[in-house]
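Peer 1: So here's data22.cif, just mmCIF, C-alpha atoms, pLDDT in the B column; chains and numbers go by the auth columns:
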data_query
loop_
_atom_site.group_PDB
_atom_site.id
_atom_site.type_symbol
_atom_site.label_atom_id
_atom_site.label_comp_id
_atom_site.label_asym_id
_atom_site.label_seq_id
_atom_site.Cartn_x
_atom_site.Cartn_y
_atom_site.Cartn_z
_atom_site.B_iso_or_equiv
_atom_site.auth_seq_id
_atom_site.auth_asym_id
ATOM 1 C CA MET A 1 113.695 85.863 95.528 95.00 10 E
ATOM 2 C CA LYS A 2 110.769 85.446 93.176 97.00 11 E
ATOM 3 C CA ILE A 3 108.770 87.962 91.149 98.00 12 E
ATOM 4 C CA ARG A 4 105.032 87.355 91.019 98.00 13 E
ATOM 5 C CA MET A 5 101.843 89.320 90.535 98.00 14 E
ATOM 6 C CA ALA A 6 100.487 90.930 93.697 98.00 15 E
ATOM 7 C CA GLU A 7 97.712 89.282 95.653 98.00 16 E
ATOM 8 C CA GLU A 8 95.222 90.710 98.141 98.00 17 E
ATOM 9 C CA LYS A 9 97.269 89.290 101.039 98.00 18 E
ATOM 10 C CA ASP A 10 100.138 91.604 99.962 98.00 19 E
ATOM 11 C CA ILE A 11 98.187 94.840 100.448 98.00 20 E
ATOM 12 C CA PRO A 12 99.356 95.610 104.032 97.00 21 E
ATOM 13 C CA ALA A 13 102.995 95.252 102.922 97.00 22 E
ATOM 14 C CA LEU A 14 102.304 97.355 99.820 98.00 23 E
ATOM 15 C CA GLN A 15 100.766 100.087 101.979 97.00 24 E
ATOM 16 C CA LYS A 16 103.815 100.096 104.269 96.00 25 E
ATOM 17 C CA LEU A 17 106.117 100.524 101.268 97.00 26 E
ATOM 18 C CA LEU A 18 103.855 103.159 99.727 97.00 27 E
ATOM 19 C CA MET A 19 104.261 105.207 102.914 96.00 28 E
ATOM 20 C CA GLU A 20 108.051 104.766 102.712 94.00 29 E
ATOM 21 C CA VAL A 21 108.013 106.175 99.178 94.00 30 E
ATOM 22 C CA LEU A 22 105.633 108.972 100.102 95.00 31 E
ATOM 23 C CA ASN A 23 107.840 110.086 102.980 96.00 32 E
ATOM 24 C CA ILE A 24 110.862 110.287 100.658 95.00 33 E
ATOM 25 C CA HIS A 25 108.784 112.536 98.426 96.00 34 E
ATOM 26 C CA ALA A 26 107.437 114.572 101.358 97.00 35 E
ATOM 27 C CA LYS A 27 110.995 115.229 102.500 96.00 36 E
ATOM 28 C CA GLY A 28 112.054 116.311 99.007 96.00 37 E
ATOM 29 C CA ARG A 29 108.939 118.343 98.177 96.00 38 E
ATOM 30 C CA PRO A 30 107.056 119.211 101.387 96.00 39 E
ATOM 31 C CA ASP A 31 105.170 121.846 99.412 95.00 40 E
ATOM 32 C CA ILE A 32 103.429 119.073 97.452 95.00 41 E
ATOM 33 C CA PHE A 33 103.428 115.817 99.446 96.00 42 E
ATOM 34 C CA ILE A 34 101.760 115.140 102.811 97.00 43 E
ATOM 35 C CA PRO A 35 103.920 112.969 105.093 96.00 44 E
ATOM 36 C CA ASP A 36 102.715 109.666 106.539 96.00 45 E
ATOM 37 C CA THR A 37 100.056 109.162 103.886 95.00 46 E
ATOM 38 C CA THR A 38 99.838 106.720 100.989 95.00 47 E
ATOM 39 C CA LYS A 39 99.124 107.151 97.313 94.00 48 E
ATOM 40 C CA TYR A 40 96.444 104.435 97.312 96.00 49 E
ATOM 41 C CA THR A 41 93.902 103.086 99.781 96.00 50 E
ATOM 42 C CA TYR A 42 93.361 99.399 100.505 97.00 51 E
ATOM 43 C CA ASP A 43 90.351 99.329 98.158 98.00 52 E
ATOM 44 C CA GLU A 44 92.228 101.132 95.385 97.00 53 E
ATOM 45 C CA LEU A 45 95.101 98.649 95.665 98.00 54 E
ATOM 46 C CA LEU A 46 92.654 95.751 95.568 98.00 55 E
ATOM 47 C CA SER A 47 91.088 97.182 92.406 98.00 56 E
ATOM 48 C CA MET A 48 94.518 97.587 90.822 98.00 57 E
ATOM 49 C CA ILE A 49 95.493 94.010 91.663 98.00 58 E
ATOM 50 C CA LYS A 50 92.291 92.719 90.060 98.00 59 E
ATOM 51 C CA ASP A 51 92.434 94.993 86.982 98.00 60 E
ATOM 52 C CA PRO A 52 94.420 93.602 84.023 97.00 61 E
ATOM 53 C CA SER A 53 95.190 97.170 82.870 97.00 62 E
ATOM 54 C CA THR A 54 97.146 97.882 86.085 98.00 63 E
ATOM 55 C CA PRO A 55 99.501 94.938 86.670 98.00 64 E
ATOM 56 C CA VAL A 56 101.188 94.983 90.081 98.00 65 E
ATOM 57 C CA PHE A 57 104.433 93.012 90.330 98.00 66 E
ATOM 58 C CA THR A 58 105.931 91.968 93.671 98.00 67 E
ATOM 59 C CA ALA A 59 109.352 90.701 94.659 98.00 68 E
ATOM 60 C CA VAL A 60 108.967 88.157 97.454 98.00 69 E
ATOM 61 C CA ASP A 61 111.481 86.256 99.562 96.00 70 E
ATOM 62 C CA GLU A 62 111.598 82.524 100.282 96.00 71 E
ATOM 63 C CA ASN A 63 108.795 83.002 102.870 96.00 72 E
ATOM 64 C CA ASP A 64 106.613 84.813 100.313 97.00 73 E
ATOM 65 C CA GLU A 65 107.095 88.110 102.181 96.00 74 E
ATOM 66 C CA VAL A 66 106.988 91.235 100.006 97.00 75 E
ATOM 67 C CA MET A 67 110.410 92.801 99.449 97.00 76 E
ATOM 68 C CA GLY A 68 109.257 95.355 96.887 97.00 77 E
ATOM 69 C CA TYR A 69 106.751 96.141 94.184 98.00 78 E
ATOM 70 C CA ALA A 70 106.286 97.718 90.781 98.00 79 E
ATOM 71 C CA MET A 71 102.847 99.157 90.082 98.00 80 E
ATOM 72 C CA THR A 72 102.191 99.642 86.378 98.00 81 E
ATOM 73 C CA ILE A 73 99.541 101.060 84.074 98.00 82 E
ATOM 74 C CA ILE A 74 98.945 100.039 80.477 98.00 83 E
ATOM 75 C CA LYS A 75 98.702 103.150 78.307 96.00 84 E
ATOM 76 C CA LYS A 76 97.931 103.408 74.631 91.00 85 E
ATOM 77 C CA ARG A 77 99.261 106.674 73.322 82.00 86 E
ATOM 78 C CA VAL A 78 97.134 107.607 70.325 82.00 87 E
ATOM 79 C CA HIS A 79 98.295 110.542 68.243 76.00 88 E
ATOM 80 C CA ASP A 80 96.688 112.210 65.293 75.00 89 E
ATOM 81 C CA ASN A 81 99.055 113.466 62.639 83.00 90 E
ATOM 82 C CA ASN A 82 102.583 113.877 63.898 87.00 91 E
ATOM 83 C CA MET A 83 103.453 110.843 66.066 86.00 92 E
ATOM 84 C CA HIS A 84 103.108 107.074 65.946 87.00 93 E
ATOM 85 C CA ASP A 85 100.578 105.343 68.176 89.00 94 E
ATOM 86 C CA VAL A 86 102.400 103.274 70.809 92.00 95 E
ATOM 87 C CA MET A 87 101.585 100.915 73.643 95.00 96 E
ATOM 88 C CA THR A 88 103.441 101.909 76.807 96.00 97 E
ATOM 89 C CA LEU A 89 103.737 100.175 80.144 98.00 98 E
ATOM 90 C CA PHE A 90 104.044 103.016 82.634 98.00 99 E
ATOM 91 C CA ILE A 91 105.703 102.240 85.969 98.00 100 E
ATOM 92 C CA ASP A 92 103.500 104.236 88.316 97.00 101 E
ATOM 93 C CA ASP A 93 105.523 103.325 91.384 96.00 102 E
ATOM 94 C CA LEU A 94 108.498 101.095 92.192 97.00 103 E
ATOM 95 C CA CYS A 95 109.797 100.532 95.703 96.00 104 E
ATOM 96 C CA VAL A 96 112.036 98.089 97.542 96.00 105 E
ATOM 97 C CA ASP A 97 111.831 97.820 101.318 95.00 106 E
ATOM 98 C CA GLN A 98 114.809 99.567 102.913 89.00 107 E
ATOM 99 C CA ALA A 99 115.671 96.342 104.760 90.00 108 E
ATOM 100 C CA CYS A 100 115.882 94.475 101.429 90.00 109 E
ATOM 101 C CA ARG A 101 117.975 96.941 99.455 87.00 110 E
ATOM 102 C CA GLY A 102 121.202 95.631 97.970 88.00 111 E
ATOM 103 C CA LYS A 103 119.628 92.267 97.145 91.00 112 E
ATOM 104 C CA HIS A 104 118.801 93.342 93.568 95.00 113 E
ATOM 105 C CA ALA A 105 115.024 93.218 94.098 96.00 114 E
ATOM 106 C CA GLY A 106 114.585 96.542 92.288 96.00 115 E
ATOM 107 C CA HIS A 107 116.564 95.314 89.305 97.00 116 E
ATOM 108 C CA ALA A 108 114.595 92.040 89.268 97.00 117 E
ATOM 109 C CA LEU A 109 111.289 93.912 89.403 98.00 118 E
ATOM 110 C CA TYR A 110 112.349 96.210 86.571 98.00 119 E
ATOM 111 C CA ASP A 111 113.500 93.261 84.449 98.00 120 E
ATOM 112 C CA ALA A 112 110.216 91.439 85.088 98.00 121 E
ATOM 113 C CA VAL A 113 108.215 94.523 84.065 98.00 122 E
ATOM 114 C CA CYS A 114 110.262 94.897 80.867 98.00 123 E
ATOM 115 C CA ASP A 115 110.015 91.185 80.017 98.00 124 E
ATOM 116 C CA TRP A 116 106.259 91.201 80.637 98.00 125 E
ATOM 117 C CA ALA A 117 105.807 94.263 78.406 98.00 126 E
ATOM 118 C CA LYS A 118 108.086 92.932 75.671 98.00 127 E
ATOM 119 C CA ASP A 119 106.257 89.577 75.605 98.00 128 E
ATOM 120 C CA ARG A 120 103.013 91.482 75.001 97.00 129 E
ATOM 121 C CA GLY A 121 104.334 93.699 72.215 97.00 130 E
ATOM 122 C CA PHE A 122 104.642 97.001 74.072 97.00 131 E
ATOM 123 C CA TYR A 123 106.811 99.674 72.493 96.00 132 E
ATOM 124 C CA ASN A 124 108.378 100.976 75.719 97.00 133 E
ATOM 125 C CA VAL A 125 108.399 101.149 79.493 98.00 134 E
ATOM 126 C CA THR A 126 108.248 104.624 81.017 97.00 135 E
ATOM 127 C CA LEU A 127 108.150 106.229 84.452 97.00 136 E
ATOM 128 C CA ASN A 128 108.362 109.594 86.149 96.00 137 E
ATOM 129 C CA VAL A 129 111.008 110.440 88.730 96.00 138 E
ATOM 130 C CA TRP A 130 111.193 113.619 90.780 96.00 139 E
ATOM 131 C CA SER A 131 114.299 115.691 90.090 95.00 140 E
ATOM 132 C CA PHE A 132 115.257 115.814 93.799 96.00 141 E
ATOM 133 C CA ASN A 133 115.395 112.010 93.989 96.00 142 E
ATOM 134 C CA GLU A 134 119.012 111.539 92.881 95.00 143 E
ATOM 135 C CA PRO A 135 119.300 107.937 94.157 94.00 144 E
ATOM 136 C CA ALA A 136 116.279 106.913 92.062 95.00 145 E
ATOM 137 C CA ILE A 137 117.631 108.741 89.007 96.00 146 E
ATOM 138 C CA ARG A 138 120.979 106.943 89.366 96.00 147 E
ATOM 139 C CA PHE A 139 119.182 103.612 89.791 96.00 148 E
ATOM 140 C CA TYR A 140 117.029 104.062 86.680 97.00 149 E
ATOM 141 C CA ARG A 141 120.007 105.221 84.627 97.00 150 E
ATOM 142 C CA SER A 142 121.945 102.127 85.772 96.00 151 E
ATOM 143 C CA LEU A 143 119.132 100.028 84.278 96.00 152 E
ATOM 144 C CA GLY A 144 119.575 101.743 80.911 96.00 153 E
ATOM 145 C CA MET A 145 116.731 104.234 81.171 97.00 154 E
ATOM 146 C CA LYS A 146 117.231 107.745 79.841 97.00 155 E
ATOM 147 C CA PRO A 147 115.141 110.918 79.870 96.00 156 E
ATOM 148 C CA MET A 148 112.353 111.031 77.297 94.00 157 E
ATOM 149 C CA GLU A 149 111.057 114.508 78.110 93.00 158 E
ATOM 150 C CA TYR A 150 111.182 117.009 80.965 92.00 159 E
ATOM 151 C CA VAL A 151 108.373 118.598 82.963 92.00 160 E
ATOM 152 C CA MET A 152 109.335 122.132 83.946 93.00 161 E
ATOM 153 C CA GLU A 153 107.785 124.278 86.664 94.00 162 E
ATOM 154 C CA GLN A 154 107.829 127.719 88.160 94.00 163 E
ATOM 155 C CA ILE A 155 106.234 128.015 91.575 92.00 164 E
ATOM 156 C CA LEU A 156 104.067 131.105 91.581 95.00 165 E
ATOM 157 C CA GLU A 157 103.198 131.336 95.247 86.00 166 E
ATOM 158 C CA GLU A 158 105.044 129.896 98.214 75.00 167 E
ATOM 159 C CA LYS A 159 102.879 128.181 100.806 67.00 168 E
#
Taking this structure as input, can you express it in the form of structure tokens?

Peer 2:
Amino acid sequence: MKIRMAEEKDIPALQKLLMEVLNIHAKGRPDIFIPDTTKYTYDELLSMIKDPSTPVFTAVDENDEVMGYAMTIIKKRVHDNNMHDVMTLFIDDLCVDQACRGKHAGHALYDAVCDWAKDRGFYNVTLNVWSFNEPAIRFYRSLGMKPMEYVMEQILEEK
């Protein structure tokens, strides 16, 4: 397995994995997510791949086939009086193909993201995870991540 930056040729595989992730979310929160859709279009993925502020990492096998990805966004958190300004690499999405799970591709992607950010002087790596997604929460905790803050909700009207 090798970790490399995504290329245009990877977009069909990325879209397949994006649908996998979306369907997990649609099952957990059908009130919010629409099944069998993707978070990004082909053109949006192409823009992300080309944009240095949105690095997309891929785990590929010996045949250069995509096993998983980590889509990231560079964020500079600028605060006025009460907090330090920090550079954050936000993991917008991380997914490993179901057929490739157990081969440590997710761990390798996460390590590559952290190494990349550390080499560039970032303060931290962050991500959001839905509270229903217990396997993802366990995975991120196993990597050493811990909650930074919580987003709370109260649904006001059932659909």

Peer 1: Can you pull out every residue within 8 Å of E:Val105, counting all atoms listed in the file, but drop anything in the same chain fewer than 5 positions away, and send it as a PyMOL selection string?

Peer 2: chain E and resi 26+76-78+110+114-115

Peer 1: I need the residue set behind the PyMOL selection byres ((chain E and resi 133) around 7) for this file; please write it as a ChimeraX atom specification.

Peer 2: /E:97-98,131-132,134-135

Peer 1: Quick one: apply the PyMOL selection byres ((chain E and resi 70) around 10) to the file and drop the selected residues here as a ChimeraX atom specification.

Peer 2: /E:10-12,67-69,71-77,109,114

Peer 1: Using 9 Å as the limit and counting only C-alpha atoms, can you tabulate each residue of stretch 64-146 of chain E that touches stretch 37-54 of chain E, with its shortest atom-to-atom distance in Å and the two atoms involved, as a tab-separated table?

Peer 2:
residue	atom	partner	partner_atom	distance
E:Trp139	CA	E:Gly37	CA	8.7
E:Phe141	CA	E:Gly37	CA	6.1
E:Asn142	CA	E:Gly37	CA	7.4

Peer 1: Can you tell me, as a ChimeraX atom specification, which residues sit within 7 Å of (102.8, 105.5, 88.8) in the file's frame, using all atoms listed in the file?

Peer 2: /E:80-81,99-102,136

Peer 1: Nearest residue to E:Ile83 out of E:Met154, E:Leu27, E:Val122, E:Leu103, using all atoms listed in the file?

Peer 2: E:Val122

Peer 1: Apply the PyMOL selection byres ((chain E and resi 156) around 10) to the file shown and report the selected residues as a PyMOL selection string.

Peer 2: chain E and resi 135-138+146+149-150+154-155+157-159

Peer 1: How far is it from atom CA of E:Gly130 to atom CA of E:Ser151, in Å with one decimal?

Peer 2: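 Going from atom CA of E:Gly130 over to atom CA of E:Ser151 covers 23.8 Å.
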
Peer 1: Restricting the calculation to only C-alpha atoms: of E:Lys112, E:Gln107, E:Ser140, E:Ile164, which residue gets closest to E:Met28?

Peer 2: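 Comparing E:Lys112, E:Gln107, E:Ser140, E:Ile164 against E:Met28, the winner is E:Gln107.
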
Peer 1: Point out the residue among E:Lys59, E:Lys85, E:Arg129, E:His116 with the least atom-to-atom distance to E:Met14, counting all atoms listed in the file.

Peer 2: E:Lys59

Peer 1: In Å, rounded to a single decimal, give me how far atom CA of E:Ile58 is from atom CA of E:Asp94.

Peer 2: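 Between atom CA of E:Asp94 and atom CA of E:Ile58 the gap works out to 26.6 Å.
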
Peer 1: Which of these residues is nearest to E:Pro61, using all atoms listed in the file: E:Leu152, E:Met96, E:Ala126, E:Ile82?

Peer 2: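 So, comparing all the options, the nearest one is E:Ile82.
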
Peer 1: Using all atoms listed in the file, which residue out of E:Glu143, E:Glu166, E:Asp124, E:Glu29 lies closest to E:Cys104?

Peer 2: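 Using all atoms listed in the file, E:Cys104 sits closest to E:Glu29.
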
Peer 1: Which one is closest to E:Tyr119: E:Phe66, E:Val95, E:Leu31, E:Val87? Count all atoms listed in the file.

Peer 2: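 Checking each candidate against E:Tyr119, we get E:Phe66 as the closest.
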
Peer 1: Could you tell me how far atom CA of E:Ala22 lies from atom CA of E:Asp106, in Å and to one decimal?

Peer 2: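 One can read the atom CA of E:Ala22 to atom CA of E:Asp106 distance as 9.3 Å.
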
Peer 1: For stretch 22-47 of chain E, supply N, CA and C atoms and format the output as a short mmCIF file (atom, residue, chain, number, x, y, z; two decimals), in the coordinates of the input.

Peer 2:
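Saved result, out_31.cif, follows:
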data_model
loop_
_atom_site.label_atom_id
_atom_site.label_comp_id
_atom_site.auth_asym_id
_atom_site.auth_seq_id
_atom_site.Cartn_x
_atom_site.Cartn_y
_atom_site.Cartn_z
N ALA E 22 101.57 95.00 103.22
CA ALA E 22 103.00 95.25 102.92
C ALA E 22 103.14 96.34 101.86
N LEU E 23 102.27 96.32 100.86
CA LEU E 23 102.30 97.36 99.82
C LEU E 23 102.04 98.72 100.43
N GLN E 24 101.08 98.80 101.34
CA GLN E 24 100.77 100.09 101.98
C GLN E 24 101.94 100.60 102.80
N LYS E 25 102.64 99.70 103.50
CA LYS E 25 103.82 100.10 104.27
C LYS E 25 104.88 100.69 103.34
N LEU E 26 105.11 100.03 102.22
CA LEU E 26 106.12 100.52 101.27
C LEU E 26 105.67 101.81 100.59
N LEU E 27 104.37 101.92 100.31
CA LEU E 27 103.86 103.16 99.73
C LEU E 27 104.11 104.34 100.66
N MET E 28 103.98 104.13 101.97
CA MET E 28 104.26 105.21 102.91
C MET E 28 105.75 105.54 102.92
N GLU E 29 106.61 104.53 102.80
CA GLU E 29 108.05 104.77 102.71
C GLU E 29 108.36 105.70 101.53
N VAL E 30 107.79 105.37 100.38
CA VAL E 30 108.01 106.18 99.18
C VAL E 30 107.46 107.59 99.37
N LEU E 31 106.26 107.66 99.92
CA LEU E 31 105.63 108.97 100.10
C LEU E 31 106.48 109.86 101.01
N ASN E 32 107.04 109.28 102.06
CA ASN E 32 107.84 110.09 102.98
C ASN E 32 109.15 110.56 102.35
N ILE E 33 109.70 109.80 101.43
CA ILE E 33 110.86 110.29 100.66
C ILE E 33 110.44 111.51 99.85
N HIS E 34 109.28 111.43 99.22
CA HIS E 34 108.78 112.54 98.43
C HIS E 34 108.41 113.74 99.30
N ALA E 35 107.82 113.48 100.46
CA ALA E 35 107.44 114.57 101.36
C ALA E 35 108.66 115.31 101.88
N LYS E 36 109.75 114.58 102.07
CA LYS E 36 111.00 115.23 102.50
C LYS E 36 111.57 116.09 101.38
N GLY E 37 111.50 115.58 100.15
CA GLY E 37 112.05 116.31 99.01
C GLY E 37 111.19 117.46 98.53
N ARG E 38 109.87 117.30 98.63
CA ARG E 38 108.94 118.34 98.18
C ARG E 38 107.80 118.49 99.19
N PRO E 39 108.10 119.05 100.37
CA PRO E 39 107.06 119.21 101.39
C PRO E 39 105.94 120.17 100.96
N ASP E 40 106.20 120.94 99.93
CA ASP E 40 105.17 121.85 99.41
C ASP E 40 104.09 121.09 98.64
N ILE E 41 104.37 119.85 98.26
CA ILE E 41 103.43 119.07 97.45
C ILE E 41 102.90 117.85 98.21
N PHE E 42 103.80 117.10 98.86
CA PHE E 42 103.43 115.82 99.45
C PHE E 42 103.14 115.93 100.94
N ILE E 43 102.17 115.17 101.41
CA ILE E 43 101.76 115.14 102.81
C ILE E 43 102.39 113.91 103.46
N PRO E 44 103.23 114.12 104.48
CA PRO E 44 103.92 112.97 105.09
C PRO E 44 102.94 111.98 105.74
N ASP E 45 103.44 110.74 105.86
CA ASP E 45 102.72 109.67 106.54
C ASP E 45 101.35 109.38 105.93
N THR E 46 101.26 109.54 104.62
CA THR E 46 100.06 109.16 103.89
C THR E 46 100.48 108.15 102.82
N THR E 47 99.52 107.63 102.08
CA THR E 47 99.84 106.72 100.99
C THR E 47 99.11 107.17 99.73
#
